Amino acid sequence: MLSFDQLFKTYADGTRALSAITLDVRQGEIVALLGGSGCGKTTLLRLVAGLDRPSAGAIRLDGEVIAEPRADVGVIFQEPRLFPWLGVAENVGFGLSHLSRFEREGLVTNALVRVGLGGYEKRWPRELSGGQQQRVAIARALVTRPKLLLMDEPFSALDATTRASLHGHLLALWQESRPTVVMVTHDVEEAVTLADRIVVMQPKPGRIFDELDNPLARPRDRLSPAFEAAKREALRALDRSLRDEAPRQEKAAETAGMWW
Amino acid sequence: MSVLDIEAAAEQLVARPATGRPRYGLAIAGFVLPVLLAIIWEVLVASGIANGRLMPPPSVVGRTLWQLSASGELLTHAGATLWRVGAGFGLGALAGTLFGAVTGALPFARSLLDPTLQALRAIPSIAWVPLFILWLGIFEASKVALIAVGVFFPVYLGVAAAIQGIDRKIVEVGRVFRLSRLAMVRRVLLPAILPSWITSLRAGLGLGFMFVVAAEIMGASEGLGYLLVDGQQLGRPDTIIAAIISFAVLGKLADGLLVAITRPFLTWQDTARDKL
Ligand SMILES: Nc1ncnc2c1ncn2[C@@H]1O[C@H](COP(=O)(O)OP(=O)(O)OP(=O)(O)O)[C@@H](O)[C@H]1O
Ligand SMILES: [Mg+2]
C-alpha cells in the first residue's frame, strides 16, 4: 500500500508546490491525479519515484519511507526518454542487467509483443514513431514487474486513436500483475477510462481538492451513459477546482480531514 | 489493438529504401573539377603555352612522387610525420579528455581550471614554439609538445561541453533504474558524450596535422614538413607539391581511420542521418 502523510514540498525559490497531501492508495488500485497546470502533479509523482525529497512529511510504500528510487517502482515519463544509442530490445531490457542474456531476451520479446511491437527488437529508437517510442517506454517500465507504476501524462503527446489503443494495452498489462498505478493526466476521459479513483488537485499551494470513486466496472464502454455520467462528474469537479469553489457538500465532509 | 498489429505488419513489409546509391554519383561529381583542371594544365604546359617551372604539371609531380616512394624517402618522411602526429595526438587527446571530463563534471574544478585554460587557448599555439624549443630542445619532444597543445583544446572544449550538455532527463532514467555511480558513467554518461567526443577528436586530429607542418618547417631533418622546406631551398616546386599531396592523403587517411574505428559505436546516429 502507498500512503502519503502530510506531505509538503517547497522548492528552493519558495514555490509551495505541495501542501499537506494526505492520501492512501490501495494495493492494485489505479489512481488518476487530475488538475490544472501547475498544481503539483509532477512534483508529487517525482517524490513517489524518489527523484526528489519532500520538504516535510513522508511517502510510504508498504511501510517503508521512500527516499530514493526503488527497484519495485516503475516510472513512465511524459516523453519516452529512450536511450538513443541502444536498440529497442536493449532499451526495454535496460533494467534487467542482473538477469542472464537468455532470460532477459525472453522477457523483452514478451514485453514488446504485449505493447504491439513484436519484431521491432533491432530497431533504433529514432526509427520509431512517437507512439511506438512511448510503447517501448511502457514496455521498459513494465518488464521489471514493478509493484508500483508511476506515469506522468504518458499519453498526452499522442493522437486519440493511439492513445485509446495504448489504454487497452496498459489495462491488459495491468490485469496480469495488478500493480498499483498512480498516473497524472490532463484528460478527464482518460482518467475515467483507467482509474478506480480520481484525485482532483488545486494549485497555489498544490493540494488535494476532491476525490471521486469511479463506480464503473471493467471493461468500460466509452459510449455507455454511465461512462458519460462519470465523465461529467469528473469534469464538474475539475471545473470547480479551477474556479476555486468548495467541493460538493457530501464529499467535503468526507475528505475534510484530508486537506485542511 | 488490431490497428496496431496491422500497422506493425505493414511497416515490416515495406523494404528499407536503398540510401547511399546516389551519393556515390555525387562523390564522383566532386572529382570532375580538379581532374579537368589538371588535364588542362598538363596540356597547356605540354604545348608550350604555359611555363611549368613554378607550377609543374601533374606528370612531373607524379614522377617526383614516384621517385620519392621508390627510393623509400617518402616512407621515411611520412613515417616521421605520422609518428609525431600520433604521439602528439595521443597526449593531447588524453589530456584534453581528462581535463574536459573533470571540468565538465565538477563545477568546482570548472571555476578553478576553465578560466586559465581559456586564457591559454587565446595564445596562438605557434607562439609556444620558441619556449618549447628552449625547454625541450629542438628535437622530437618540442614538436610533439606543440602538436599536443594543438590537439588539446578542441578535445578539452568538446568533452567539457558534451558533459554539460547531457540531457538531465535521460540521466533521470538511469536514476530510476538505480544505477550505481560507475554504471551510470558506463551505461549513460559515456554513450551520451561519445558522438561529441569523437567529433572533437577529429577536430583535434586535423589541428594535429596543421601543427606538425609548423613544427617540421621550424627545423627537422626528416618528415614531410622537412620535404617542404627542402623543396623550397632547392627550388623544386614538384617536391613541395608532392609533400603537400602526401600531407593531404595522410590527413585524410588518418581521419578515415578514426571514423572507421569509431563507426560501430555510432551506428545509431548514422541511421538517423540516413532518414533525414
Ligand atoms: N524545479 C522547480 N523549481 C521551482 N519551482 C518548481 C520546480 N518544479 C516545479 N515548480 C513549480 O511547482 C509548481 C508545481 O509544478 P508541477 O510541475 O508539479 O505542476 P504540474 O501539476 O505537473 O503541472 P502541469 O500539469 O503543467 O505539468 C509550479 O508552480 C511550478 O512552477
Ligand atoms: Mg506536470
# chains A, B, ... in the order shown; residues from 1 in each chain; ligands from 1
call {"tool": "residues_near_ligand", "arguments": {"ligand": "ligand 1", "cutoff": "12 Å", "atoms": "only C-alpha atoms and all ligand atoms", "output": "number ranges by chain"}}
result
A: 8-19, 33-47, 51-53, 77-78, 151-154, 156, 183-187, 200-208
call {"tool": "write_last_selection", "arguments": {"atoms": "N, CA and C atoms", "output": "short mmCIF file (atom, residue, chain, number, x, y, z; two decimals), in the first residue's frame"}}
result
data_model
loop_
_atom_site.label_atom_id
_atom_site.label_comp_id
_atom_site.auth_asym_id
_atom_site.auth_seq_id
_atom_site.Cartn_x
_atom_site.Cartn_y
_atom_site.Cartn_z
N PHE A 8 4.60 17.87 2.28
CA PHE A 8 4.83 19.24 1.81
C PHE A 8 6.04 19.24 0.90
N LYS A 9 5.96 20.09 -0.12
CA LYS A 9 7.16 20.31 -0.92
C LYS A 9 7.23 21.78 -1.28
N THR A 10 8.27 22.43 -0.82
CA THR A 10 8.51 23.83 -1.18
C THR A 10 9.83 23.88 -1.92
N TYR A 11 9.82 24.42 -3.14
CA TYR A 11 11.06 24.49 -3.90
C TYR A 11 11.96 25.58 -3.36
N ALA A 12 13.22 25.51 -3.78
CA ALA A 12 14.22 26.45 -3.26
C ALA A 12 13.81 27.91 -3.49
N ASP A 13 13.06 28.17 -4.56
CA ASP A 13 12.67 29.55 -4.85
C ASP A 13 11.42 29.97 -4.08
N GLY A 14 10.95 29.10 -3.18
CA GLY A 14 9.81 29.46 -2.34
C GLY A 14 8.46 29.00 -2.88
N THR A 15 8.43 28.40 -4.08
CA THR A 15 7.17 27.90 -4.63
C THR A 15 6.63 26.77 -3.75
N ARG A 16 5.39 26.96 -3.29
CA ARG A 16 4.79 25.89 -2.48
C ARG A 16 4.08 24.93 -3.44
N ALA A 17 4.83 23.94 -3.90
CA ALA A 17 4.30 23.05 -4.93
C ALA A 17 3.30 22.06 -4.35
N LEU A 18 3.52 21.63 -3.12
CA LEU A 18 2.61 20.68 -2.48
C LEU A 18 2.40 21.10 -1.03
N SER A 19 1.15 20.97 -0.58
CA SER A 19 0.87 21.35 0.79
C SER A 19 -0.07 20.34 1.42
N LEU A 33 -4.35 11.35 -11.03
CA LEU A 33 -4.24 12.71 -10.50
C LEU A 33 -4.65 13.67 -11.59
N LEU A 34 -5.71 14.44 -11.31
CA LEU A 34 -6.27 15.33 -12.31
C LEU A 34 -6.16 16.74 -11.78
N GLY A 35 -5.88 17.69 -12.65
CA GLY A 35 -5.84 19.05 -12.16
C GLY A 35 -5.22 19.99 -13.17
N GLY A 36 -5.45 21.26 -12.97
CA GLY A 36 -4.94 22.26 -13.88
C GLY A 36 -3.42 22.31 -13.85
N SER A 37 -2.87 23.13 -14.73
CA SER A 37 -1.43 23.22 -14.84
C SER A 37 -0.84 23.84 -13.58
N GLY A 38 0.26 23.28 -13.13
CA GLY A 38 0.99 23.88 -12.02
C GLY A 38 0.44 23.56 -10.65
N CYS A 39 -0.40 22.50 -10.54
CA CYS A 39 -0.94 22.19 -9.22
C CYS A 39 -0.11 21.13 -8.50
N GLY A 40 1.04 20.78 -9.05
CA GLY A 40 1.95 19.93 -8.29
C GLY A 40 1.87 18.44 -8.61
N LYS A 41 1.22 18.09 -9.71
CA LYS A 41 1.08 16.66 -10.03
C LYS A 41 2.43 16.02 -10.32
N THR A 42 3.19 16.69 -11.16
CA THR A 42 4.51 16.14 -11.49
C THR A 42 5.40 16.09 -10.25
N THR A 43 5.32 17.15 -9.46
CA THR A 43 6.11 17.20 -8.24
C THR A 43 5.78 16.00 -7.35
N LEU A 44 4.49 15.73 -7.21
CA LEU A 44 4.06 14.61 -6.37
C LEU A 44 4.62 13.29 -6.90
N LEU A 45 4.52 13.11 -8.20
CA LEU A 45 4.98 11.86 -8.79
C LEU A 45 6.49 11.69 -8.63
N ARG A 46 7.22 12.79 -8.78
CA ARG A 46 8.68 12.70 -8.63
C ARG A 46 9.07 12.34 -7.20
N LEU A 47 8.27 12.81 -6.25
CA LEU A 47 8.55 12.44 -4.87
C LEU A 47 8.32 10.95 -4.66
N LEU A 51 12.85 10.66 -6.90
CA LEU A 51 13.76 11.52 -7.64
C LEU A 51 13.96 12.85 -6.93
N ASP A 52 13.05 13.18 -6.01
CA ASP A 52 13.16 14.40 -5.22
C ASP A 52 12.80 14.06 -3.77
N ARG A 53 13.20 14.93 -2.85
CA ARG A 53 12.85 14.71 -1.44
C ARG A 53 11.75 15.68 -1.02
N PHE A 77 7.64 8.38 -18.11
CA PHE A 77 7.63 9.83 -18.15
C PHE A 77 6.72 10.32 -19.27
N GLN A 78 6.57 11.63 -19.29
CA GLN A 78 5.72 12.23 -20.32
C GLN A 78 6.33 12.00 -21.71
N MET A 151 3.05 7.15 -13.70
CA MET A 151 3.00 7.65 -15.07
C MET A 151 2.65 9.13 -15.05
N ASP A 152 3.49 9.93 -15.70
CA ASP A 152 3.23 11.37 -15.77
C ASP A 152 2.75 11.73 -17.17
N GLU A 153 1.46 11.86 -17.33
CA GLU A 153 0.88 12.18 -18.64
C GLU A 153 1.52 11.36 -19.75
N PRO A 154 1.48 10.04 -19.61
CA PRO A 154 2.27 9.22 -20.55
C PRO A 154 1.74 9.27 -21.98
N SER A 156 -0.01 12.01 -23.34
CA SER A 156 -0.52 13.33 -23.70
C SER A 156 0.00 13.79 -25.07
N MET A 183 -1.23 7.70 -11.81
CA MET A 183 -0.98 8.37 -13.08
C MET A 183 -1.48 9.81 -13.07
N VAL A 184 -0.70 10.65 -13.75
CA VAL A 184 -1.08 12.05 -13.89
C VAL A 184 -1.74 12.21 -15.25
N THR A 185 -2.81 12.96 -15.30
CA THR A 185 -3.42 13.21 -16.60
C THR A 185 -4.12 14.56 -16.62
N HIS A 186 -4.21 15.10 -17.82
CA HIS A 186 -4.99 16.32 -18.04
C HIS A 186 -6.36 15.96 -18.57
N ASP A 187 -6.49 14.69 -18.99
CA ASP A 187 -7.59 14.27 -19.83
C ASP A 187 -8.62 13.53 -18.98
N VAL A 200 -8.59 15.00 -7.61
CA VAL A 200 -8.52 16.30 -8.26
C VAL A 200 -7.68 17.23 -7.41
N MET A 201 -6.72 17.89 -8.04
CA MET A 201 -5.80 18.76 -7.29
C MET A 201 -6.01 20.21 -7.67
N GLN A 202 -5.51 21.09 -6.82
CA GLN A 202 -5.68 22.53 -6.98
C GLN A 202 -4.34 23.21 -6.71
N PRO A 203 -4.06 24.29 -7.42
CA PRO A 203 -2.75 24.93 -7.26
C PRO A 203 -2.68 25.98 -6.16
N LYS A 204 -1.46 26.40 -5.90
CA LYS A 204 -1.12 27.56 -5.05
C LYS A 204 -1.74 27.53 -3.67
N PRO A 205 -1.30 26.78 -2.76
CA PRO A 205 -0.30 25.73 -2.94
C PRO A 205 -0.95 24.47 -3.47
N GLY A 206 -0.18 23.60 -4.11
CA GLY A 206 -0.73 22.36 -4.65
C GLY A 206 -1.33 21.51 -3.54
N ARG A 207 -2.62 21.17 -3.71
CA ARG A 207 -3.28 20.39 -2.67
C ARG A 207 -4.39 19.55 -3.27
N ILE A 208 -4.89 18.59 -2.47
CA ILE A 208 -5.98 17.76 -2.97
C ILE A 208 -7.29 18.50 -2.78
#
call {"tool": "interface_residues", "arguments": {"of": "chain B", "to": "chain A", "cutoff": "6 Å", "atoms": "only C-alpha atoms", "output": "PDB file with all heavy atoms, in the first residue's frame"}}
result
ATOM      1  N   MET B   1      -6.239  -2.503 -30.720  1.00  0.00           N
ATOM      2  CA  MET B   1      -5.102  -3.420 -30.742  1.00  0.00           C
ATOM      3  C   MET B   1      -4.848  -3.912 -32.162  1.00  0.00           C
ATOM      4  O   MET B   1      -3.736  -3.989 -32.642  1.00  0.00           O
ATOM      5  CB  MET B   1      -5.396  -4.602 -29.838  1.00  0.00           C
ATOM      6  CG  MET B   1      -4.132  -5.231 -29.264  1.00  0.00           C
ATOM      7  SD  MET B   1      -4.529  -6.660 -28.300  1.00  0.00           S
ATOM      8  CE  MET B   1      -4.696  -5.978 -26.689  1.00  0.00           C
ATOM      9  N   ILE B 170      17.513  12.060 -19.345  1.00  0.00           N
ATOM     10  CA  ILE B 170      17.918  10.695 -19.598  1.00  0.00           C
ATOM     11  C   ILE B 170      18.754  10.172 -18.425  1.00  0.00           C
ATOM     12  O   ILE B 170      18.749   8.986 -18.113  1.00  0.00           O
ATOM     13  CB  ILE B 170      18.640  10.614 -20.965  1.00  0.00           C
ATOM     14  CG1 ILE B 170      18.175   9.365 -21.680  1.00  0.00           C
ATOM     15  CG2 ILE B 170      20.122  10.637 -20.829  1.00  0.00           C
ATOM     16  CD1 ILE B 170      18.102   9.553 -23.153  1.00  0.00           C
ATOM     17  N   VAL B 176      16.232   6.183 -12.015  1.00  0.00           N
ATOM     18  CA  VAL B 176      15.056   5.355 -11.755  1.00  0.00           C
ATOM     19  C   VAL B 176      15.451   3.872 -11.731  1.00  0.00           C
ATOM     20  O   VAL B 176      14.935   3.095 -10.939  1.00  0.00           O
ATOM     21  CB  VAL B 176      13.967   5.624 -12.818  1.00  0.00           C
ATOM     22  CG1 VAL B 176      12.922   4.521 -12.812  1.00  0.00           C
ATOM     23  CG2 VAL B 176      13.308   6.961 -12.561  1.00  0.00           C
ATOM     24  N   PHE B 177      16.401   3.510 -12.592  1.00  0.00           N
ATOM     25  CA  PHE B 177      16.850   2.122 -12.600  1.00  0.00           C
ATOM     26  C   PHE B 177      17.976   1.875 -11.600  1.00  0.00           C
ATOM     27  O   PHE B 177      18.630   0.857 -11.656  1.00  0.00           O
ATOM     28  CB  PHE B 177      17.273   1.709 -14.015  1.00  0.00           C
ATOM     29  CG  PHE B 177      16.102   1.435 -14.914  1.00  0.00           C
ATOM     30  CD1 PHE B 177      15.744   2.319 -15.909  1.00  0.00           C
ATOM     31  CD2 PHE B 177      15.324   0.297 -14.739  1.00  0.00           C
ATOM     32  CE1 PHE B 177      14.650   2.085 -16.727  1.00  0.00           C
ATOM     33  CE2 PHE B 177      14.234   0.045 -15.550  1.00  0.00           C
ATOM     34  CZ  PHE B 177      13.894   0.946 -16.536  1.00  0.00           C
ATOM     35  N   TRP B 268      23.860   4.124 -34.369  1.00  0.00           N
ATOM     36  CA  TRP B 268      22.547   4.683 -34.037  1.00  0.00           C
ATOM     37  C   TRP B 268      22.373   6.081 -34.577  1.00  0.00           C
ATOM     38  O   TRP B 268      21.272   6.516 -34.870  1.00  0.00           O
ATOM     39  CB  TRP B 268      22.317   4.643 -32.539  1.00  0.00           C
ATOM     40  CG  TRP B 268      23.345   5.375 -31.732  1.00  0.00           C
ATOM     41  CD1 TRP B 268      24.544   4.890 -31.310  1.00  0.00           C
ATOM     42  CD2 TRP B 268      23.257   6.710 -31.249  1.00  0.00           C
ATOM     43  NE1 TRP B 268      25.215   5.835 -30.611  1.00  0.00           N
ATOM     44  CE2 TRP B 268      24.454   6.969 -30.535  1.00  0.00           C
ATOM     45  CE3 TRP B 268      22.292   7.703 -31.326  1.00  0.00           C
ATOM     46  CZ2 TRP B 268      24.707   8.187 -29.923  1.00  0.00           C
ATOM     47  CZ3 TRP B 268      22.545   8.921 -30.711  1.00  0.00           C
ATOM     48  CH2 TRP B 268      23.749   9.149 -30.018  1.00  0.00           C
TER      49      TRP B 268
END
call {"tool": "atom_distance", "arguments": {"atom1": "CA of Leu98 in chain B", "atom2": "CA of Tyr156 in chain B"}}
result
7.8 Å
call {"tool": "residues_around", "arguments": {"residues": "Glu29 in chain A", "least_positions_apart": "5", "cutoff": "9 Å", "atoms": "only C-alpha atoms", "output": "PyMOL selection string"}}
result
chain A and resi 178-182+195-197
call {"tool": "write_last_selection", "arguments": {"atoms": "N, CA and C atoms", "output": "compact mmCIF listing (two decimals), in the first residue's frame"}}
result
# COMPACT_ATOMS: atom_id res chain seq x y z
N ARG A 178 -1.41 -6.79 -11.79
CA ARG A 178 -2.11 -5.86 -10.88
C ARG A 178 -1.19 -4.98 -10.04
N PRO A 179 -0.31 -4.21 -10.69
CA PRO A 179 0.48 -3.26 -9.90
C PRO A 179 -0.41 -2.12 -9.43
N THR A 180 0.00 -1.45 -8.38
CA THR A 180 -0.63 -0.19 -8.01
C THR A 180 -0.19 0.85 -9.04
N VAL A 181 -1.12 1.68 -9.49
CA VAL A 181 -0.76 2.66 -10.51
C VAL A 181 -1.15 4.06 -10.03
N VAL A 182 -0.21 5.00 -10.11
CA VAL A 182 -0.55 6.40 -9.90
C VAL A 182 -0.22 7.12 -11.20
N ALA A 195 -8.99 4.86 -14.34
CA ALA A 195 -8.77 4.93 -12.89
C ALA A 195 -9.90 4.30 -12.07
N ASP A 196 -9.53 3.79 -10.90
CA ASP A 196 -10.51 3.40 -9.89
C ASP A 196 -10.92 4.61 -9.07
N ARG A 197 -9.99 5.53 -8.97
CA ARG A 197 -10.25 6.72 -8.17
C ARG A 197 -9.58 7.92 -8.84
call {"tool": "residues_around", "arguments": {"residues": "range 212-214 of chain B", "least_positions_apart": "5", "cutoff": "10 Å", "atoms": "only C-alpha atoms", "output": "ChimeraX atom specification"}}
result
/B:81-82,84-85,88,126,129,143-144,146-148,150,207,219,223-226,228,244,247
call {"tool": "closest_residue", "arguments": {"among": "A:Val88, A:Leu194, A:Val199, A:Leu7", "to": "Gln133 in chain A", "atoms": "only C-alpha atoms"}}
result
A:Val88
call {"tool": "select_by_dssp", "arguments": {"residues": "range 2-180 of chain A", "states": "helix (DSSP H, G or I)", "output": "ChimeraX atom specification"}}
result
/A:41-49,88-96,101-114,125-127,130-142,160-177
call {"tool": "residues_around", "arguments": {"residues": "range 57-59 of chain B", "least_positions_apart": "4", "cutoff": "12 Å", "atoms": "only C-alpha atoms", "output": "VMD selection string"}}
result
chain B and resid 34 to 48 50 to 53 63 to 66 237 to 239 241 to 242 245
call {"tool": "write_last_selection", "arguments": {"atoms": "N, CA and C atoms", "output": "short mmCIF file (atom, residue, chain, number, x, y, z; two decimals), in the first residue's frame"}}
result
data_model
loop_
_atom_site.label_atom_id
_atom_site.label_comp_id
_atom_site.auth_asym_id
_atom_site.auth_seq_id
_atom_site.Cartn_x
_atom_site.Cartn_y
_atom_site.Cartn_z
N PRO B 34 38.71 19.13 -60.27
CA PRO B 34 40.18 19.02 -60.15
C PRO B 34 40.81 18.24 -61.30
N VAL B 35 40.19 17.15 -61.71
CA VAL B 35 40.75 16.36 -62.80
C VAL B 35 40.80 17.19 -64.08
N LEU B 36 39.73 17.92 -64.33
CA LEU B 36 39.67 18.76 -65.53
C LEU B 36 40.78 19.80 -65.50
N LEU B 37 40.94 20.48 -64.35
CA LEU B 37 41.98 21.50 -64.23
C LEU B 37 43.35 20.89 -64.46
N ALA B 38 43.58 19.69 -63.88
CA ALA B 38 44.88 19.03 -64.03
C ALA B 38 45.16 18.75 -65.49
N ILE B 39 44.16 18.24 -66.19
CA ILE B 39 44.34 17.92 -67.61
C ILE B 39 44.65 19.19 -68.40
N ILE B 40 43.87 20.24 -68.12
CA ILE B 40 44.10 21.49 -68.84
C ILE B 40 45.52 22.00 -68.65
N TRP B 41 45.96 21.97 -67.38
CA TRP B 41 47.32 22.45 -67.07
C TRP B 41 48.36 21.60 -67.80
N GLU B 42 48.18 20.30 -67.75
CA GLU B 42 49.10 19.39 -68.42
C GLU B 42 49.22 19.74 -69.91
N VAL B 43 48.06 19.94 -70.52
CA VAL B 43 48.04 20.23 -71.96
C VAL B 43 48.73 21.58 -72.24
N LEU B 44 48.40 22.58 -71.39
CA LEU B 44 48.98 23.90 -71.59
C LEU B 44 50.50 23.85 -71.51
N VAL B 45 51.01 23.15 -70.50
CA VAL B 45 52.47 23.07 -70.34
C VAL B 45 53.08 22.27 -71.48
N ALA B 46 52.46 21.14 -71.82
CA ALA B 46 52.99 20.26 -72.86
C ALA B 46 53.05 20.98 -74.21
N SER B 47 52.05 21.82 -74.46
CA SER B 47 52.01 22.51 -75.75
C SER B 47 52.85 23.78 -75.73
N GLY B 48 53.49 24.06 -74.58
CA GLY B 48 54.39 25.19 -74.51
C GLY B 48 53.71 26.52 -74.30
N ALA B 50 52.12 27.44 -71.58
CA ALA B 50 52.47 27.87 -70.23
C ALA B 50 53.82 27.29 -69.84
N ASN B 51 54.50 28.04 -68.97
CA ASN B 51 55.79 27.58 -68.48
C ASN B 51 55.55 26.83 -67.17
N GLY B 52 55.96 25.59 -67.09
CA GLY B 52 55.66 24.77 -65.91
C GLY B 52 56.72 24.83 -64.84
N ARG B 53 57.57 25.85 -64.83
CA ARG B 53 58.70 25.83 -63.90
C ARG B 53 58.24 26.05 -62.45
N ARG B 63 55.86 12.03 -61.28
CA ARG B 63 57.17 11.39 -61.40
C ARG B 63 57.96 11.58 -60.11
N THR B 64 57.92 12.81 -59.58
CA THR B 64 58.64 13.07 -58.33
C THR B 64 58.10 12.20 -57.20
N LEU B 65 56.78 12.11 -57.13
CA LEU B 65 56.17 11.27 -56.09
C LEU B 65 56.66 9.84 -56.24
N TRP B 66 56.69 9.38 -57.47
CA TRP B 66 57.10 8.00 -57.73
C TRP B 66 58.56 7.79 -57.32
N PRO B 237 59.62 23.02 -56.95
CA PRO B 237 58.19 23.06 -56.61
C PRO B 237 57.53 21.69 -56.70
N ASP B 238 58.03 20.81 -57.55
CA ASP B 238 57.42 19.48 -57.65
C ASP B 238 57.54 18.72 -56.34
N THR B 239 58.69 18.88 -55.66
CA THR B 239 58.85 18.23 -54.35
C THR B 239 57.87 18.81 -53.35
N ILE B 241 54.99 20.20 -53.93
CA ILE B 241 53.62 19.75 -54.20
C ILE B 241 53.46 18.29 -53.84
N ALA B 242 54.51 17.49 -54.09
CA ALA B 242 54.44 16.08 -53.70
C ALA B 242 54.24 15.97 -52.19
N ILE B 245 50.67 16.96 -51.30
CA ILE B 245 49.72 15.89 -51.61
C ILE B 245 49.83 14.78 -50.56
#
call {"tool": "atom_distance", "arguments": {"atom1": "CA of Glu90 in chain A", "atom2": "CA of Glu103 in chain A"}}
result
13.1 Å
